[in-house]
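Undergrad: My questions will all concern the structure given below.
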Amino acid sequence: MRFLLDGEQREFARSLDAMLTASDTPSAVRAWGAGDHQPGRALWARLAHAGVFALAVPEAHGGVGPLPVELALSFVELGRHAVPGPVVETVALSVLLSAVGGPAAKEWLPRLASGEASATLRMDGYGPYALDADAVDGVFVVTGEELRLAPGPGTFHASADPARRLFTPEAGGAVLAAGPEVMAAARAAGDWAAFATAAQALGTGEALLGSTVEYVKRRTQFAVPIGSFQAVKHRLADTLLGLEFARPALYGAAVSLAGGSPRAGADVAAAKVLAGEAGYAAARTALQLHGAIGYTQELDLSLWLRKARPLRDAWGTPGVCRERVLTG
């Protein structure tokens with residue numbers, strides 16, 4: 001299959017990049033990690049106005065989706081700019097509620113699409129935590145065949161990335177739906193969450209590689225830029241190849257999701273492995289070539305470095321995703 005983005009899709013990505021570049025996302029990320037959600041919420045409002053959260057919501061509920069290709073474009077940019085918050089969980093919840101339907105879908109989907117409300121999601125099989133549960137309007141939990149709205153954010157747990165605030169949701173809460181359809185919807189939501197996380201990981205890796213290339217052009221040893229050294233060139237080339245091999249897998253998964261392919265879940269899992277590993281490799285390259293300065297929290301690079309490994313493992317570790325590829 002020959003697949004190329006059209007002009008409108010490319011312009012959409014460029015407009016998001018320009019908006020996020022002008023939004024000083026590093027300051028928002030640092031504030032979010034410190035528990036100040038106001039700058040992050042302002043950023044979310046701009047993303048909602050651009051239509052990002054409507055991409056996973058059907059037109060019947062106030063969205064424009066599902067549009068997986070445009071969603072991939074969006075989340076690559078979100079990763080490139082280190083946008084904080086449960087953006088992936090918002091997508092997964094939108095898919096879950098769309099499949100389950102009922103009063104919860106009618107109440108929440110239009111608000112999620114417009115950015116009027118924010119939410120996070122924890123599901124069995126994807127770890128015990130809900131991301132940023134203290135910063136949202138609703139904490140949704142899938143346990144077995146039940147979807148419920150948790151009564152509170154629950155217990156906070158420290159994360160390798162301070163801007164990924166993890167919570168164990170409080171037990172109980174109102175049951176919004178129950179039955180086999182919830183489990184089926186949760187499987188679809190998990191695939192879309194893995195897909196969006198893969199796009200984020202790819203964008204994170206691109207940002208890390210770009211920062212590292214600029215750094216090795218400026219840093220000198222023996223009166224020449226270290227970027228002129230053969231070993232450095234090879235390391236950067238290997239990192240670029242990993243990211244470029246992940247990109248077609250990501251958009252191939254988008255095409256599978258759009259077409260409802262029975263192999264869509266496996267295609268998403270393959271993209272998640274490639275993008276997650278490539279993003280993590282980019283982080284290792286960035287840290288090695290920046291040297292000691294790469295360890296400092298004052299350098300904005302640290303905001304991306306800390307995201308690479310959690311994104312690799314979130315919504316499906318490499319091992320789990322490889323097994324999904326093999327089993328279909």
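Residues in the structure tokens are numbered from 1 in each chain, the chains being A, B, ... in the order shown, and ligands are numbered from 1 in the order shown.
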Tell me, as number ranges by chain, which residues lie within 10 Å of range 302-309 of chain A, counting only C-alpha atoms; anything in the same chain fewer than 2 positions away does not count.

TA: A: 26, 29-30, 79-82, 159-164, 200-205, 207-208, 276-284, 286-287, 293-300, 311-314

Undergrad: Check the smallest atom-to-atom distance from each of A:Ala31, A:Ala193, A:Ala22, A:Val88 to Phe53 in chain A using only C-alpha atoms, then report the winner.

TA: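 Among the listed residues, A:Val88 lies closest to Phe53 in chain A.
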
Undergrad: Which residue out of A:Asp6, A:Glu214, A:Asp191, A:Glu89 has the minimum interatomic distance to Val141 in chain A when only C-alpha atoms are used?

TA: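 Of A:Asp6, A:Glu214, A:Asp191, A:Glu89, the one nearest Val141 in chain A, counting only C-alpha atoms, is A:Glu89.
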
Undergrad: May I ask for the distance between CA of His234 in chain A and CA of Ala196 in chain A, given in Å to one decimal place?

TA: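 Pair CA of His234 in chain A / CA of Ala196 in chain A returns 29.6 Å.
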